[in-house]
Number of protein chains: 2
Amino acid sequence: MRRRDFVQGTGLAGILAAGAAPAFAQSQPEVKWRLASSYPKSLDTLVGAAENIAKRVSDATDGRFQIRVFGAGELVPGLQVLDAVQAGSVDCGQTITYYYFGKNPTFALGAIIPFGMNTRQHNAWWYQGGGGEMFNEFLKGYNCVAFPCLNTTTQMGGWFRKEIKTVADLKGLKFRVGGVAGAVLERIGVIPQQIAAGDIYPALEKGTIDAAEWVGPYDDEKLGLHKVAKFYYTPGWWEGNAASILLPNLKAWEALPKDYQAIFAAACAESNTVATARYDHVNPPAMKRLIAGGAQLRRFSNEIMDVCYKEAQTLYAEWSAKYPDFKRIYASYAAYLDEQIDWFGVADGTFDNYMARIKRNARR
Amino acid sequence: MRRRDFVQGTGLAGILAAGAAPAFAQSQPEVKWRLASSYPKSLDTLVGAAENIAKRVSDATDGRFQIRVFGAGELVPGLQVLDAVQAGSVDCGQTITYYYFGKNPTFALGAIIPFGMNTRQHNAWWYQGGGGEMFNEFLKGYNCVAFPCLNTTTQMGGWFRKEIKTVADLKGLKFRVGGVAGAVLERIGVIPQQIAAGDIYPALEKGTIDAAEWVGPYDDEKLGLHKVAKFYYTPGWWEGNAASILLPNLKAWEALPKDYQAIFAAACAESNTVATARYDHVNPPAMKRLIAGGAQLRRFSNEIMDVCYKEAQTLYAEWSAKYPDFKRIYASYAAYLDEQIDWFGVADGTFDNYMARIKRNARR
């Protein structure tokens, strides 16, 4: 029952219109949303964030605004969440926009591009540097609006059956790797493979592929990749951060009362702190277990990263020439990143590197 | 006017008790809180966070829950916010708990200790690692409850009139520096000075003190310290992060309806992302301006930091022997930090250091 109906039905409307009780003057309708996630429910770090947001929104509205969360494939396939939201067949999605870079590479800028920002830099650009506004202006063309809800933090570079020391070692390598990274890597001879999460392990075990990246220690461990490829590479230079979003349909969003909009936005940003903290909480012990289980940690060589960095810049120049939205938003992104790198090296970077040094010395 | 009063006054209580309208079954009273900040209103990065939370809470409750923000000295002096909240003379504070380490050093663990966590590590420990629960259990003894609302990120090491190359250069140095850092530094011969923000500049100009630290580029620039001491040291190893909180009085908190509690908690955690992003947004250009204005960037030597690190560990052992709360919570903190450092070096640290390398090479 809607409050306004109740009030009108009891003849109280006149009293309230004259009156001193603002709580009664506003509509607080019951709203029920269906949310389609790009992630399977087994990934608690990812789908868990959407579920926690739904709980917070419900608690903050005394149960009047309900969001029901569906995992990948329950309503729509994981990679078609944007399309379902755009069409209005679901009220809201949970996804990461680089999945859709094939439609337009601008989508990647809402998530991450190779050699892009780290987690805090992305948040600074999104919330304070105009990035969120620019990206949501672009999303209007797709009838939706994005709210960051979690960040995986810098990802790992994946599991390789053989050591990769030079660019030459990458040529002809069949590597399960996400979208934009694949577009960079195929320029130097890698054969990128698109394989759904559940199919990665058997493909790597059989040797159908030579290597596979997924997320980081906690999520990778669930897939069991360390059992079939022991060299674990860092960093995932294509995902210095990876920002997942909740993605309401624009009309559904605009139909919400202002107080529900405020609650939804706050709950998403809260999750962007708390669900990211969860990644930082679960990854260190997972990494320890993986190493204890035989994983061999390796760092991509500067030669490999330098060549990939150069190819990535060429790709961004090509996209800028072809896609006006990419050109405009990437110009903001690149200039912002440039300033951020200098600053991060001064305080946070110097502190973090010193703390790492203390631990190295303590081990000697 | 409270809804419950209104409902009872109109004789509707019986209908509602039987009824189908959950929106009416809950109390949604008008609540007005007074919030006393430890920071002056001129510091927009700090007090601005409290003001944004107050706005979000108001918007999310259709104006029914109002928080009025007062700057340092308007209701109570900045360093007595905890006492005012504990006594219930204000409903809520905004502060940072290391201000109160003189009462009990355990207070510092809710904010930062020298050679402690970085920003994300603190969030992981607080929200996911049990740190928040442990610290709030401790705060019950002071009749209040903490919600992180922003983080300054790793701070700078302050402004020095002369270069500091060795531990010997620090002996006898009059250094305006915050609480726990002072307790460490005085063990190696520094003379720590407690001086309020507005008095730092004249003290440094006159030579009453030799050096002063405040926060980081953006906040320091406002004080004008670069005009009277040109050597700007990094890192502020005593503040790898610095977590400010909103601090409701426990009885005021417990008196809130559950939906208001949910909204308040979400708005604080939202601010912990967005106000921290603001620090990351404003610091890089401020640092550029300071360098252009003549600031000379210097890194504390490993000799100095190694000696201070050792003194800090000794101090924590002494406090653990004397204060059971410190012993218990510090044991959790130290073990957590130890795991975090290893993990941060693997993915985020390797990525950040590579990006810094790219920029250095581009300059050559």
# chains A, B, ... in the order shown; residues from 1 in each chain; ligands from 1
call {"tool": "calpha_fit_and_write", "arguments": {"fixed": "chain B", "moving": "chain A", "output": "tab-separated table (two decimals) with C-alpha atoms, in the first residue's frame"}}
result
chain	number	residue	atom	x	y	z
A	1	MET	CA	5.35	16.06	14.77
A	2	ARG	CA	6.01	12.37	15.19
A	3	ARG	CA	4.32	9.97	12.91
A	4	ARG	CA	3.22	7.76	15.80
A	5	ASP	CA	1.57	10.74	17.54
A	6	PHE	CA	-0.16	11.69	14.33
A	7	VAL	CA	-1.41	8.20	13.73
A	8	GLN	CA	-2.66	7.77	17.27
A	9	GLY	CA	-4.22	11.24	17.27
A	10	THR	CA	-6.32	10.40	14.23
A	11	GLY	CA	-7.53	7.10	15.57
A	12	LEU	CA	-5.82	5.25	12.77
A	13	ALA	CA	-3.66	3.10	15.02
A	14	GLY	CA	-6.09	0.22	15.01
A	15	ILE	CA	-6.42	0.16	11.26
A	16	LEU	CA	-2.66	0.22	10.82
A	17	ALA	CA	-2.00	-2.48	13.40
A	18	ALA	CA	-4.22	-4.78	11.39
A	19	GLY	CA	-2.96	-3.56	8.13
A	20	ALA	CA	-0.98	-3.79	5.01
A	21	ALA	CA	1.13	-0.62	5.20
A	22	PRO	CA	4.47	-1.28	6.86
A	23	ALA	CA	5.56	2.29	6.19
A	24	PHE	CA	3.13	3.40	8.84
A	25	ALA	CA	3.99	0.76	11.40
A	26	GLN	CA	7.41	2.23	12.16
A	27	SER	CA	8.30	5.33	14.08
A	28	GLN	CA	10.09	7.94	11.99
A	29	PRO	CA	10.71	10.66	14.51
A	30	GLU	CA	12.32	14.00	13.92
A	31	VAL	CA	15.87	13.82	15.26
A	32	LYS	CA	18.23	16.76	15.62
A	33	TRP	CA	21.87	16.16	16.47
A	34	ARG	CA	24.63	18.61	17.22
A	35	LEU	CA	28.03	17.50	15.91
A	36	ALA	CA	31.27	18.96	17.27
A	37	SER	CA	34.26	18.64	14.95
A	38	SER	CA	37.91	18.64	16.03
A	39	TYR	CA	38.70	20.58	12.86
A	40	PRO	CA	38.22	24.26	12.01
A	41	LYS	CA	35.64	24.98	9.33
A	42	SER	CA	38.36	26.37	7.07
A	43	LEU	CA	39.61	22.80	6.45
A	44	ASP	CA	37.10	21.83	3.78
A	45	THR	CA	38.60	18.37	3.21
A	46	LEU	CA	37.91	17.45	6.85
A	47	VAL	CA	34.83	19.36	8.04
A	48	GLY	CA	33.40	19.06	4.53
A	49	ALA	CA	33.11	15.30	5.07
A	50	ALA	CA	30.92	15.80	8.16
A	51	GLU	CA	28.79	18.32	6.29
A	52	ASN	CA	28.32	15.96	3.36
A	53	ILE	CA	27.30	13.16	5.70
A	54	ALA	CA	24.77	15.48	7.37
A	55	LYS	CA	23.33	16.35	3.95
A	56	ARG	CA	23.11	12.72	2.89
A	57	VAL	CA	21.39	11.72	6.14
A	58	SER	CA	18.90	14.57	5.75
A	59	ASP	CA	18.18	13.72	2.10
A	60	ALA	CA	17.76	10.04	2.94
A	61	THR	CA	15.20	10.80	5.67
A	62	ASP	CA	13.27	13.57	3.91
A	63	GLY	CA	14.76	16.01	6.39
A	64	ARG	CA	13.62	14.16	9.50
A	65	PHE	CA	17.14	13.42	10.80
A	66	GLN	CA	19.16	16.63	10.95
A	67	ILE	CA	22.81	16.88	12.00
A	68	ARG	CA	24.17	20.37	12.58
A	69	VAL	CA	27.95	20.58	12.20
A	70	PHE	CA	30.03	22.89	14.42
A	71	GLY	CA	33.73	23.55	13.82
A	72	ALA	CA	36.50	23.30	16.41
A	73	GLY	CA	35.97	25.80	19.22
A	74	GLU	CA	32.36	26.59	18.35
A	75	LEU	CA	30.95	24.21	20.96
A	76	VAL	CA	34.07	22.66	22.45
A	77	PRO	CA	37.82	22.91	21.79
A	78	GLY	CA	39.01	20.61	19.02
A	79	LEU	CA	40.97	18.30	21.28
A	80	GLN	CA	38.09	17.83	23.74
A	81	VAL	CA	35.57	16.38	21.32
A	82	LEU	CA	35.81	12.88	22.80
A	83	ASP	CA	35.14	14.24	26.29
A	84	ALA	CA	32.09	16.20	25.12
A	85	VAL	CA	30.66	13.13	23.36
A	86	GLN	CA	31.41	10.92	26.36
A	87	ALA	CA	29.60	13.35	28.66
A	88	GLY	CA	26.67	13.60	26.24
A	89	SER	CA	26.97	17.37	25.94
A	90	VAL	CA	27.00	16.88	22.16
A	91	ASP	CA	25.29	14.03	20.30
A	92	CYS	CA	28.17	13.32	17.95
A	93	GLY	CA	31.80	14.23	17.33
A	94	GLN	CA	34.11	14.31	14.34
A	95	THR	CA	37.65	13.60	15.43
A	96	ILE	CA	40.67	11.32	15.11
A	97	THR	CA	41.30	9.08	18.05
A	98	TYR	CA	45.09	9.47	18.34
A	99	TYR	CA	44.39	12.89	19.87
A	100	TYR	CA	43.46	10.97	23.02
A	101	PHE	CA	46.41	8.58	23.25
A	102	GLY	CA	47.48	10.36	26.46
A	103	LYS	CA	44.42	8.87	28.18
A	104	ASN	CA	45.28	5.42	26.86
A	105	PRO	CA	47.53	4.57	23.87
A	106	THR	CA	44.85	2.16	22.64
A	107	PHE	CA	43.10	5.21	21.17
A	108	ALA	CA	45.84	5.51	18.55
A	109	LEU	CA	44.94	2.12	17.06
A	110	GLY	CA	41.60	3.50	15.84
A	111	ALA	CA	43.50	6.05	13.75
A	112	ILE	CA	47.16	5.20	13.02
A	113	ILE	CA	50.42	4.39	14.75
A	114	PRO	CA	53.92	5.03	13.34
A	115	PHE	CA	54.88	2.37	10.76
A	116	GLY	CA	51.29	1.17	10.74
A	117	MET	CA	48.83	0.43	7.96
A	118	ASN	CA	48.14	2.28	4.74
A	119	THR	CA	44.63	3.48	3.86
A	120	ARG	CA	43.23	0.30	2.28
A	121	GLN	CA	44.88	-1.91	4.88
A	122	HIS	CA	43.22	0.07	7.65
A	123	ASN	CA	39.84	-0.27	5.95
A	124	ALA	CA	40.36	-4.02	5.51
A	125	TRP	CA	41.27	-4.44	9.18
A	126	TRP	CA	38.45	-2.16	10.38
A	127	TYR	CA	35.54	-3.45	8.25
A	128	GLN	CA	36.56	-7.07	7.62
A	129	GLY	CA	39.35	-8.07	9.98
A	130	GLY	CA	37.53	-7.46	13.27
A	131	GLY	CA	39.35	-4.18	13.98
A	132	GLY	CA	36.20	-2.05	14.05
A	133	GLU	CA	34.45	-4.41	16.45
A	134	MET	CA	37.45	-4.58	18.80
A	135	PHE	CA	37.96	-0.85	18.79
A	136	ASN	CA	34.29	-0.08	19.39
A	137	GLU	CA	34.24	-2.55	22.26
A	138	PHE	CA	37.06	-0.50	23.78
A	139	LEU	CA	35.13	2.75	23.09
A	140	LYS	CA	32.11	1.51	25.04
A	141	GLY	CA	34.11	2.42	28.15
A	142	TYR	CA	33.97	6.00	26.87
A	143	ASN	CA	30.27	5.92	26.00
A	144	CYS	CA	30.72	6.35	22.27
A	145	VAL	CA	30.94	4.45	18.96
A	146	ALA	CA	33.16	5.17	15.93
A	147	PHE	CA	32.38	5.25	12.19
A	148	PRO	CA	35.30	6.00	9.84
A	149	CYS	CA	34.37	8.99	7.68
A	150	LEU	CA	37.53	9.88	5.74
A	151	ASN	CA	41.18	9.08	5.39
A	152	THR	CA	43.92	11.61	4.64
A	153	THR	CA	45.94	8.77	3.00
A	154	THR	CA	49.70	8.60	3.68
A	155	GLN	CA	50.75	11.98	5.01
A	156	MET	CA	53.91	13.93	4.33
A	157	GLY	CA	56.79	14.11	6.81
A	158	GLY	CA	56.71	17.88	7.19
A	159	TRP	CA	58.66	21.02	6.48
A	160	PHE	CA	62.24	21.47	7.67
A	161	ARG	CA	64.34	24.63	7.59
A	162	LYS	CA	67.52	22.55	7.14
A	163	GLU	CA	68.17	19.25	5.44
A	164	ILE	CA	67.99	16.23	7.73
A	165	LYS	CA	70.31	13.49	6.57
A	166	THR	CA	71.15	11.47	9.65
A	167	VAL	CA	69.74	10.63	13.07
A	168	ALA	CA	72.32	13.04	14.48
A	169	ASP	CA	70.66	15.89	12.53
A	170	LEU	CA	67.45	15.26	14.46
A	171	LYS	CA	68.92	15.63	17.95
A	172	GLY	CA	67.65	18.75	19.69
A	173	LEU	CA	65.39	19.62	16.75
A	174	LYS	CA	62.22	21.45	17.78
A	175	PHE	CA	59.59	19.74	15.62
A	176	ARG	CA	55.88	20.44	15.64
A	177	VAL	CA	54.56	16.89	15.32
A	178	GLY	CA	51.43	14.97	16.41
A	179	GLY	CA	51.11	12.71	19.42
A	180	VAL	CA	52.44	9.19	18.92
A	181	ALA	CA	55.09	10.32	16.42
A	182	GLY	CA	56.35	12.71	19.08
A	183	ALA	CA	56.57	9.84	21.58
A	184	VAL	CA	58.78	7.91	19.14
A	185	LEU	CA	60.88	10.88	18.03
A	186	GLU	CA	61.70	12.10	21.51
A	187	ARG	CA	63.37	8.74	22.16
A	188	ILE	CA	66.03	9.74	19.63
A	189	GLY	CA	66.45	13.30	20.86
A	190	VAL	CA	63.82	15.32	18.96
A	191	ILE	CA	61.96	17.91	21.04
A	192	PRO	CA	58.32	17.45	19.94
A	193	GLN	CA	56.12	20.54	20.03
A	194	GLN	CA	52.33	20.61	20.32
A	195	ILE	CA	51.13	23.67	18.42
A	196	ALA	CA	47.64	24.35	17.05
A	197	ALA	CA	47.29	24.68	13.29
A	198	GLY	CA	46.94	28.45	13.21
A	199	ASP	CA	50.10	29.00	15.27
A	200	ILE	CA	52.47	26.82	13.27
A	201	TYR	CA	53.38	29.36	10.59
A	202	PRO	CA	54.52	32.18	12.93
A	203	ALA	CA	56.45	29.72	15.13
A	204	LEU	CA	58.30	28.37	12.10
A	205	GLU	CA	58.86	31.82	10.64
A	206	LYS	CA	60.35	33.20	13.88
A	207	GLY	CA	62.49	30.12	14.39
A	208	THR	CA	60.77	29.17	17.66
A	209	ILE	CA	60.58	25.74	16.01
A	210	ASP	CA	62.85	24.17	13.38
A	211	ALA	CA	60.32	22.04	11.57
A	212	ALA	CA	56.60	21.29	11.39
A	213	GLU	CA	54.37	18.59	9.96
A	214	TRP	CA	50.68	18.99	9.34
A	215	VAL	CA	48.94	16.74	6.79
A	216	GLY	CA	49.85	16.69	3.10
A	217	PRO	CA	50.23	19.07	0.15
A	218	TYR	CA	46.68	20.45	0.01
A	219	ASP	CA	46.24	21.16	3.72
A	220	ASP	CA	49.87	22.21	4.24
A	221	GLU	CA	49.65	24.72	1.40
A	222	LYS	CA	46.82	26.50	3.22
A	223	LEU	CA	49.09	27.05	6.22
A	224	GLY	CA	51.81	28.49	3.95
A	225	LEU	CA	54.59	26.44	5.53
A	226	HIS	CA	56.57	26.23	2.26
A	227	LYS	CA	57.23	29.94	2.53
A	228	VAL	CA	59.28	29.55	5.70
A	229	ALA	CA	60.82	26.06	5.46
A	230	LYS	CA	61.70	24.74	2.06
A	231	PHE	CA	62.66	21.08	2.63
A	232	TYR	CA	59.55	18.93	2.33
A	233	TYR	CA	60.13	15.41	3.64
A	234	THR	CA	58.42	12.15	2.76
A	235	PRO	CA	57.00	9.82	3.89
A	236	GLY	CA	55.10	10.71	7.04
A	237	TRP	CA	55.98	7.27	8.40
A	238	TRP	CA	53.92	8.02	11.50
A	239	GLU	CA	50.78	8.38	9.38
A	240	GLY	CA	50.68	5.71	6.68
A	241	ASN	CA	47.00	6.51	6.83
A	242	ALA	CA	44.97	8.70	9.19
A	243	ALA	CA	41.35	7.64	9.72
A	244	SER	CA	38.98	10.32	10.96
A	245	ILE	CA	35.68	9.21	12.41
A	246	LEU	CA	32.21	10.34	13.26
A	247	LEU	CA	31.70	9.51	16.91
A	248	PRO	CA	28.11	9.40	18.18
A	249	ASN	CA	27.41	9.25	21.87
A	250	LEU	CA	26.46	5.63	22.54
A	251	LYS	CA	23.09	6.45	24.11
A	252	ALA	CA	22.20	8.83	21.30
A	253	TRP	CA	23.16	6.10	18.81
A	254	GLU	CA	21.14	3.42	20.55
A	255	ALA	CA	18.11	5.71	20.69
A	256	LEU	CA	18.01	6.01	16.88
A	257	PRO	CA	15.45	3.95	14.97
A	258	LYS	CA	17.06	1.07	13.06
A	259	ASP	CA	16.47	2.72	9.69
A	260	TYR	CA	18.25	5.91	10.81
A	261	GLN	CA	21.13	3.81	12.10
A	262	ALA	CA	21.39	2.09	8.71
A	263	ILE	CA	21.33	5.45	6.91
A	264	PHE	CA	23.93	7.00	9.23
A	265	ALA	CA	26.31	4.04	8.93
A	266	ALA	CA	25.97	3.96	5.13
A	267	ALA	CA	26.55	7.71	4.85
A	268	CYS	CA	29.75	7.50	6.95
A	269	ALA	CA	31.16	4.61	4.91
A	270	GLU	CA	30.19	6.43	1.70
A	271	SER	CA	32.14	9.43	2.94
A	272	ASN	CA	35.08	7.15	3.71
A	273	THR	CA	35.28	6.52	-0.04
A	274	VAL	CA	34.29	9.92	-1.36
A	275	ALA	CA	36.13	12.20	1.09
A	276	THR	CA	39.27	10.07	0.75
A	277	ALA	CA	38.92	10.40	-3.02
A	278	ARG	CA	38.84	14.14	-2.43
A	279	TYR	CA	42.28	13.97	-0.79
A	280	ASP	CA	43.58	12.03	-3.77
A	281	HIS	CA	41.97	14.61	-6.04
A	282	VAL	CA	43.36	17.77	-4.43
A	283	ASN	CA	46.85	16.62	-3.41
A	284	PRO	CA	48.50	16.13	-6.84
A	285	PRO	CA	47.92	19.68	-8.12
A	286	ALA	CA	48.80	21.11	-4.68
A	287	MET	CA	52.11	19.23	-4.77
A	288	LYS	CA	52.83	20.65	-8.22
A	289	ARG	CA	52.16	24.18	-6.97
A	290	LEU	CA	54.38	23.69	-3.92
A	291	ILE	CA	57.27	22.43	-6.04
A	292	ALA	CA	56.79	25.32	-8.48
A	293	GLY	CA	56.86	27.64	-5.44
A	294	GLY	CA	60.28	26.42	-4.34
A	295	ALA	CA	59.60	23.40	-2.13
A	296	GLN	CA	62.47	20.90	-2.20
A	297	LEU	CA	61.25	17.33	-1.96
A	298	ARG	CA	63.38	15.01	0.21
A	299	ARG	CA	63.00	11.41	1.40
A	300	PHE	CA	63.84	10.47	4.98
A	301	SER	CA	66.95	8.28	4.89
A	302	ASN	CA	66.69	4.57	5.62
A	303	GLU	CA	69.03	5.16	8.60
A	304	ILE	CA	66.53	7.56	10.17
A	305	MET	CA	63.51	5.39	9.44
A	306	ASP	CA	65.20	2.19	10.59
A	307	VAL	CA	66.12	3.72	13.94
A	308	CYS	CA	62.61	5.16	14.37
A	309	TYR	CA	61.05	1.85	13.37
A	310	LYS	CA	63.02	0.06	16.08
A	311	GLU	CA	62.08	2.66	18.70
A	312	ALA	CA	58.42	2.38	17.71
A	313	GLN	CA	58.45	-1.41	18.20
A	314	THR	CA	60.02	-0.96	21.64
A	315	LEU	CA	57.35	1.58	22.56
A	316	TYR	CA	54.56	-0.78	21.44
A	317	ALA	CA	56.10	-3.55	23.58
A	318	GLU	CA	56.18	-1.20	26.58
A	319	TRP	CA	52.54	-0.18	26.03
A	320	SER	CA	51.50	-3.81	25.58
A	321	ALA	CA	53.03	-4.63	28.97
A	322	LYS	CA	51.16	-1.77	30.64
A	323	TYR	CA	47.78	-1.54	28.87
A	324	PRO	CA	45.76	-4.78	28.38
A	325	ASP	CA	43.48	-3.15	25.75
A	326	PHE	CA	46.48	-2.01	23.75
A	327	LYS	CA	48.07	-5.45	24.00
A	328	ARG	CA	44.97	-7.23	22.73
A	329	ILE	CA	44.09	-4.88	19.87
A	330	TYR	CA	47.71	-4.26	18.83
A	331	ALA	CA	48.27	-8.02	18.55
A	332	SER	CA	45.43	-8.16	15.99
A	333	TYR	CA	46.68	-5.02	14.23
A	334	ALA	CA	50.31	-6.12	13.96
A	335	ALA	CA	49.53	-9.63	12.69
A	336	TYR	CA	47.10	-8.22	10.15
A	337	LEU	CA	49.58	-5.62	8.92
A	338	ASP	CA	52.24	-8.28	8.51
A	339	GLU	CA	50.07	-10.26	6.06
A	340	GLN	CA	48.91	-7.14	4.26
A	341	ILE	CA	52.42	-5.90	3.49
A	342	ASP	CA	53.28	-9.13	1.67
A	343	TRP	CA	50.16	-9.00	-0.46
A	344	PHE	CA	50.40	-5.28	-1.31
A	345	GLY	CA	53.90	-5.86	-2.64
A	346	VAL	CA	52.69	-8.54	-5.05
A	347	ALA	CA	49.94	-6.89	-7.12
A	348	ASP	CA	49.24	-3.24	-6.26
A	349	GLY	CA	52.83	-2.40	-5.37
A	350	THR	CA	54.30	-4.04	-8.46
A	351	PHE	CA	51.77	-2.29	-10.68
A	352	ASP	CA	52.24	1.13	-9.06
A	353	ASN	CA	56.02	0.89	-9.24
A	354	TYR	CA	55.88	-0.09	-12.90
A	355	MET	CA	53.64	2.87	-13.72
A	356	ALA	CA	56.05	5.19	-11.89
A	357	ARG	CA	58.91	3.70	-13.95
A	358	ILE	CA	57.07	4.44	-17.21
A	359	LYS	CA	56.76	8.08	-16.21
A	360	ARG	CA	60.41	8.35	-15.20
A	361	ASN	CA	61.46	6.86	-18.54
A	362	ALA	CA	59.14	9.20	-20.44
A	363	ARG	CA	60.89	12.20	-18.85
A	364	ARG	CA	64.35	11.12	-20.01
call {"tool": "select_by_dssp", "arguments": {"residues": "segment 38-280 of chain B", "states": "alpha helix (DSSP H)", "output": "JSON, numbers by chain"}}
result
{"B": [44, 45, 46, 47, 48, 49, 50, 51, 52, 53, 54, 55, 56, 57, 58, 59, 60, 81, 82, 83, 84, 85, 86, 87, 119, 120, 121, 122, 123, 131, 132, 133, 134, 135, 136, 137, 138, 139, 167, 168, 169, 170, 179, 180, 181, 182, 183, 184, 185, 197, 198, 199, 200, 201, 202, 203, 204, 205, 206, 217, 218, 219, 220, 221, 222, 223, 250, 251, 252, 253, 254, 255, 258, 259, 260, 261, 262, 263, 264, 265, 266, 267, 268, 269, 270, 271, 272, 273, 274, 275, 276, 277, 278, 279, 280]}
